[in-house]
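As structure tokens, the structure follows; a few thoughts come after it.
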Amino acid sequence: MNSILTSRLPFSALFLILPLLSFGKPNVLWITAEDMSPVLGCYGHTDAITPNIDALAKESVRYSHAFASAPVCSPSRSCLINGAYPPSLGTQQMRSGFPLPSYMKGFPALLRKDGYYATNNVKTDYNSGNYKEIIDSSWDESSATAHWRKRADKKKPFFSVFNLMTSHQSRSMVWPYERFQEEVQSKLSPEEIHDPKKITLPPYYPDTPVVRKTLARFHDCVTAMDKEVGNILKQLEADGLAENTIVFFYSDHGSGMPRHKRALLDSGMHVPLMIRFPEKWKKYAPADKGKAIDRLVAFVDFAPTVLSLTETAIPKYMQGKPFLGPRNTKPRKYIYGHRDRVDEARDLARSVRDQDFLYIRNYMPHIGYNQPTAWPDLGEIRHEFYRLANRKNMTAPQWHFAGPSRPVEELYDCRKDPQNLTNLAKSADHKKVLARLRKEQTRHAVKTHDLGYLPEYEAWKTFEGSSGWDVGKSGKIDLKPVRKAASEVGSASEKTLLANLQSPNELVRYWGAVGFAAHKAKLSEKADLALRTALQDASPSVRIEAANALALKGEITPALPLLIKELKHKNLIVVTHAARTIELLGSKAKAAVPAMQACLKRAYKIRPPDLSPVIVLPGDEDMAMFVGFSCQAFLDKMQGNR
């Protein structure tokens, strides 16, 4: 400050003016990589060629324990933009379209109201029926050309997001190899291209040429993405804005490779996070630049943290806690994760992670980690796992991913076993840890009104005229018996499952039917009769799961007509459920070929198959895509194309 000016001011006036002259508001820049675990040089990965990100890490605080809320993009983005858990919002299913309360407009809307210029380049995918309203309220511009440089008033603080697709699953394993070479690898020098023969394979991958080639390709994508990060940071420097901009670099979940994306293991949930604080804002830095800290941080915390750093009011509805800025809170003890339906692949799993241990509760243990799913199955590496999926051909870690089922509970010591290879759930030495994390998973589900235990069709009925968030908080539905019935899948006796299947509560009946699908013992006459009776249930979700249980027990004759009938249901959520069930039954359901052909035509009329899956469309258009995925996959199998 000018010494002549300050010498003429009384002390009280100087005290008031100093903050205004010295600080103002920081700019905030988010650089988000798609589908990338911490496979960077600054995180110690031996195959990494990431000089720009590594240089950023030397100027930043690097977080070693940062985690996504889900191992897939849409629910994670729902969490990031709202600062709330997707299972509380009803946004846990991929592309589900459930509405949010009107006051949830996305946290950048609060920044804009506080004088910020906000831009998003370019991905949105906020996974709610209100996604268009969120885009309109959150961003001054959301497009492929959105940039802080477009603000008319250059003195205006900005919040800018750049989503880098170069490491996305589409590039790393789905695109034809020739397209990858043309659009990604061509940007690398020969020295930057990874040699498949020298690539480091994790122990859960079989060592084959296809696996090595695909993993090398993934690392090429990361290297190409690193160049884009460097370019954005150079623009910030060229504009003279680096000294007033707090920079976040992170990824939206684990890599798009098998056993990463879509899995609640650390390989799917652990993300890189580094935050650079310029000298002007180093008072908010939790450590010196270049240092790593092990504080647990979660995506649900990101929105309130940015609001804290910019001294913007944090809404009371936000469930996350700021980990930086003047409203920095006490470090969290646990991180929570969720896995629900992803595209056509149905699932329900929950996780709790502390500093040392990861606990996973699989509520559909009869479904394996490596579910067939149309979009990733375009990648050659997926079929390598299918080809080798035999307990005799695979090591225990490989079979854990490729096998047909999962344990009901999983527990990993992540310090000693960072790749989650040894399940300690049955270890006598870890009973107390297991009990603690199991209890915490239940406590969190109760506190946050986890809506994932509701089958999707029944959830739509329950939330009609409102939102999942409001219904959950209202106490309109008693979730306790539903959670209890879900927790009994994979472990309860037939007597318990039978009681659930015959409950007056349709949500409990649903989990009773799922329980019979997972039940390994032969059905008694009583259970068989109960499942046949359930084919006439008022709930389509119960009907379909009862048919699935019967079919899995070898009784396809009573089951298949019901599933074929549900393919014609007016609600595409029900159709998706039925089509997926038929798909997984495979040759047992061969008689459903004509019905699946007709269903495929219906789906393609709603959403043409030539539209890219990454294009988000409202309502039935996305659900029709998932119906098409299952129908086409089933028909291909029946024709011997897979």
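Identifiers for the structure tokens are assigned positionally: chains receive A, B, ... in sequence, residues are indexed from 1 per chain, and ligands are indexed from 1 in the order shown.
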- Trp460 in chain A: which residues within 8 Å, counting only C-alpha atoms, same-chain residues fewer than 4 positions away excluded, as a list in words?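 Selected residues are Phe98, Glu456 and Glu464 of chain A.
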- Task: Could you give me the residues within range 303-387 of chain A that DSSP places in alpha helix (DSSP H), as a list in words?
- Result: Ala303, Pro304, Thr305, Val306, Leu307, Ser308, Leu309, Glu380, Ile381, Arg382, His383, Glu384, Phe385, Tyr386 and Arg387 of chain A
- Message: Could you go through range 213-361 of chain A and tell me which residues DSSP, when run on the backbone, assigns to strand (DSSP E or B), listing them as a VMD selection string?
- Response: chain A and resid 245 to 251 270 to 276 292 to 293 297 to 298 335 to 339 342 345 349 to 353 357 to 361
- Contacts of Ala216 in chain A within 12 Å, only C-alpha atoms, excl. fewer than 2 positions in-chain, as number ranges by chain: A: 47-49, 172-173, 177, 180, 185, 192-201, 209-214, 218-223, 257, 381
With N, CA and C atoms retained, could you export that selection as a CSV table (one decimal), in the first residue's frame?
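And here's result.csv as it stands now:
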```csv
chain,number,residue,atom,x,y,z
A,47,ASP,N,4.3,-45.6,-14.4
A,47,ASP,CA,4.0,-45.5,-15.9
A,47,ASP,C,3.6,-44.1,-16.3
A,48,ALA,N,3.5,-43.2,-15.4
A,48,ALA,CA,3.0,-41.8,-15.7
A,48,ALA,C,4.0,-41.0,-16.4
A,49,ILE,N,3.5,-40.3,-17.5
A,49,ILE,CA,4.2,-39.2,-18.2
A,49,ILE,C,3.3,-38.0,-18.1
A,172,SER,N,-10.2,-44.2,-23.9
A,172,SER,CA,-9.2,-45.2,-23.4
A,172,SER,C,-9.5,-46.6,-23.7
A,173,MET,N,-10.8,-47.0,-24.0
A,173,MET,CA,-11.0,-48.4,-24.3
A,173,MET,C,-12.2,-48.7,-25.2
A,177,TYR,N,-9.5,-48.6,-32.1
A,177,TYR,CA,-8.1,-48.3,-31.9
A,177,TYR,C,-7.7,-47.2,-32.9
A,180,PHE,N,-8.7,-43.8,-31.8
A,180,PHE,CA,-7.9,-43.4,-30.7
A,180,PHE,C,-6.5,-42.9,-31.2
A,185,GLN,N,-3.6,-40.3,-29.7
A,185,GLN,CA,-2.2,-40.7,-29.7
A,185,GLN,C,-1.4,-39.8,-30.7
A,192,GLU,N,6.6,-40.2,-25.7
A,192,GLU,CA,5.4,-40.2,-24.8
A,192,GLU,C,4.5,-41.3,-24.9
A,193,ILE,N,4.6,-42.1,-26.0
A,193,ILE,CA,3.7,-43.3,-26.2
A,193,ILE,C,4.2,-44.5,-25.4
A,194,HIS,N,3.3,-45.0,-24.6
A,194,HIS,CA,3.6,-46.1,-23.7
A,194,HIS,C,3.7,-47.4,-24.4
A,195,ASP,N,4.8,-48.2,-24.1
A,195,ASP,CA,5.0,-49.5,-24.7
A,195,ASP,C,4.2,-50.5,-23.9
A,196,PRO,N,3.3,-51.2,-24.6
A,196,PRO,CA,2.5,-52.3,-23.9
A,196,PRO,C,3.4,-53.3,-23.2
A,197,LYS,N,4.5,-53.6,-23.7
A,197,LYS,CA,5.4,-54.6,-23.1
A,197,LYS,C,6.0,-54.2,-21.8
A,198,LYS,N,6.1,-52.9,-21.6
A,198,LYS,CA,6.7,-52.3,-20.4
A,198,LYS,C,5.7,-51.8,-19.4
A,199,ILE,N,4.4,-51.9,-19.7
A,199,ILE,CA,3.4,-51.3,-18.8
A,199,ILE,C,3.3,-52.2,-17.5
A,200,THR,N,3.0,-51.5,-16.4
A,200,THR,CA,2.8,-52.2,-15.1
A,200,THR,C,1.4,-52.7,-15.0
A,201,LEU,N,1.2,-54.0,-14.9
A,201,LEU,CA,-0.1,-54.6,-14.7
A,201,LEU,C,-0.5,-54.7,-13.2
A,209,PRO,N,-1.8,-59.8,-24.3
A,209,PRO,CA,-1.5,-58.7,-25.2
A,209,PRO,C,-2.6,-57.7,-25.2
A,210,VAL,N,-3.9,-58.1,-25.2
A,210,VAL,CA,-5.0,-57.2,-25.3
A,210,VAL,C,-5.0,-56.3,-24.0
A,211,VAL,N,-4.9,-56.9,-22.9
A,211,VAL,CA,-4.9,-56.1,-21.6
A,211,VAL,C,-3.7,-55.1,-21.6
A,212,ARG,N,-2.5,-55.6,-22.0
A,212,ARG,CA,-1.4,-54.6,-22.0
A,212,ARG,C,-1.6,-53.5,-23.0
A,213,LYS,N,-2.1,-53.8,-24.2
A,213,LYS,CA,-2.3,-52.8,-25.2
A,213,LYS,C,-3.3,-51.8,-24.7
A,214,THR,N,-4.4,-52.2,-24.1
A,214,THR,CA,-5.4,-51.3,-23.6
A,214,THR,C,-5.0,-50.4,-22.5
A,218,PHE,N,-4.7,-46.4,-22.2
A,218,PHE,CA,-5.2,-45.5,-21.2
A,218,PHE,C,-4.1,-44.5,-20.7
A,219,HIS,N,-2.9,-45.0,-20.5
A,219,HIS,CA,-1.9,-44.1,-20.0
A,219,HIS,C,-1.5,-43.1,-21.1
A,220,ASP,N,-1.6,-43.4,-22.4
A,220,ASP,CA,-1.4,-42.4,-23.5
A,220,ASP,C,-2.5,-41.3,-23.3
A,221,CYS,N,-3.7,-41.7,-23.0
A,221,CYS,CA,-4.8,-40.7,-22.9
A,221,CYS,C,-4.5,-39.8,-21.7
A,222,VAL,N,-4.0,-40.3,-20.6
A,222,VAL,CA,-3.6,-39.5,-19.5
A,222,VAL,C,-2.5,-38.5,-19.9
A,223,THR,N,-1.6,-38.9,-20.6
A,223,THR,CA,-0.5,-38.1,-21.0
A,223,THR,C,-1.0,-37.0,-22.0
A,257,MET,N,-11.1,-48.1,-16.8
A,257,MET,CA,-10.7,-49.5,-17.1
A,257,MET,C,-11.5,-50.4,-16.2
A,381,ILE,N,-11.0,-55.1,-24.3
A,381,ILE,CA,-10.5,-55.6,-23.0
A,381,ILE,C,-11.6,-56.3,-22.2
```
- Taken to one decimal, the CA of Leu241 in chain A-CA of Arg62 in chain A distance is 21.5 Å
- Which is closest to Pro26 in chain A among A:Pro304, A:Gly115, A:Pro99, A:Pro157, if we use only C-alpha atoms?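 That would be A:Pro157, the residue with the smallest distance to Pro26 in chain A.
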Long-range neighbours of range 159-165 of chain A as a compact mmCIF listing (two decimals) with N, CA and C atoms, in the first residue's frame, 7 Å cut-off, only C-alpha atoms, 2 positions minimum in chain:
```txt
# COMPACT_ATOMS: atom_id res chain seq x y z
N ASN A 27 -10.44 -15.76 -7.62
CA ASN A 27 -10.99 -16.56 -8.70
C ASN A 27 -10.81 -18.03 -8.32
N VAL A 28 -11.67 -18.89 -8.83
CA VAL A 28 -11.53 -20.33 -8.59
C VAL A 28 -11.62 -21.04 -9.94
N LEU A 29 -10.63 -21.88 -10.20
CA LEU A 29 -10.57 -22.65 -11.44
C LEU A 29 -10.60 -24.13 -11.10
N TRP A 30 -11.56 -24.84 -11.69
CA TRP A 30 -11.62 -26.30 -11.56
C TRP A 30 -11.19 -26.92 -12.88
N ILE A 31 -10.18 -27.77 -12.82
CA ILE A 31 -9.80 -28.58 -13.98
C ILE A 31 -10.12 -30.03 -13.61
N THR A 32 -11.07 -30.60 -14.32
CA THR A 32 -11.57 -31.93 -13.99
C THR A 32 -11.23 -32.91 -15.10
N ALA A 33 -10.48 -33.94 -14.75
CA ALA A 33 -10.18 -35.01 -15.71
C ALA A 33 -11.26 -36.07 -15.63
N GLU A 34 -11.60 -36.66 -16.74
CA GLU A 34 -12.63 -37.71 -16.78
C GLU A 34 -11.99 -39.09 -16.58
N TYR A 116 -19.94 -13.26 -9.08
CA TYR A 116 -18.99 -14.05 -9.86
C TYR A 116 -19.49 -14.26 -11.29
N TYR A 117 -18.53 -14.38 -12.21
CA TYR A 117 -18.79 -14.82 -13.58
C TYR A 117 -18.47 -16.32 -13.61
N ALA A 118 -19.45 -17.14 -13.98
CA ALA A 118 -19.29 -18.59 -13.89
C ALA A 118 -19.40 -19.24 -15.26
N THR A 119 -18.43 -20.08 -15.60
CA THR A 119 -18.43 -20.75 -16.90
C THR A 119 -18.17 -22.24 -16.73
N ASN A 120 -18.70 -23.00 -17.65
CA ASN A 120 -18.52 -24.46 -17.65
C ASN A 120 -18.19 -24.93 -19.05
N ASN A 121 -17.07 -25.61 -19.19
CA ASN A 121 -16.61 -26.11 -20.48
C ASN A 121 -16.26 -27.61 -20.32
N VAL A 122 -17.17 -28.52 -20.68
CA VAL A 122 -18.47 -28.27 -21.25
C VAL A 122 -19.50 -29.21 -20.65
N LYS A 123 -19.05 -30.28 -19.99
CA LYS A 123 -19.96 -31.36 -19.56
C LYS A 123 -20.85 -30.89 -18.41
N HIS A 147 -15.35 -19.74 -21.21
CA HIS A 147 -14.00 -19.39 -20.73
C HIS A 147 -14.10 -18.13 -19.88
N TRP A 148 -13.22 -18.04 -18.90
CA TRP A 148 -13.17 -16.81 -18.09
C TRP A 148 -12.86 -15.59 -18.95
N SER A 167 -9.15 -38.42 -21.15
CA SER A 167 -8.90 -39.66 -20.42
C SER A 167 -10.17 -40.48 -20.21
N HIS A 168 -11.28 -40.05 -20.80
CA HIS A 168 -12.57 -40.73 -20.64
C HIS A 168 -12.54 -42.14 -21.21
N MET A 225 -4.03 -35.78 -21.95
CA MET A 225 -4.81 -34.90 -21.08
C MET A 225 -3.91 -33.96 -20.30
```
- Message: Can you pull out the residues contacting Pro540 in chain A? Cut-off 9 Å, using only C-alpha atoms, and skip same-chain residues under 2 positions away; I want them as number ranges by chain.
- Response: A: 457-458, 535-538, 542-545, 566, 574
- Could you give me, as JSON, numbers by chain, the residues within 12 Å of Lys605 in chain A, counting only C-alpha atoms and dropping anything in the same chain fewer than 5 positions from it? {"A": [598, 599, 600, 610, 620, 621, 624, 625, 627, 628]}
- Item | Computed interatomic separation between CA of Phe323 in chain A and CA of Ile232 in chain A (Å) | 25.2 Å
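Note that CA of Lys227 in chain A and CA of Pro190 in chain A are 14.8 Å apart.
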- Across A:Leu563, A:Val306, A:Ala603, A:Leu265, the smallest distance to Asn423 in chain A, with only C-alpha atoms counted, is shown by A:Leu265
- Query: Hey, which of A:Asn505, A:Asn500, A:Asn244, A:Asn82 ends up closest to Lys316 in chain A? Count only C-alpha atoms.
  - Reply: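 Closest to Lys316 in chain A of all the choices is A:Asn82.
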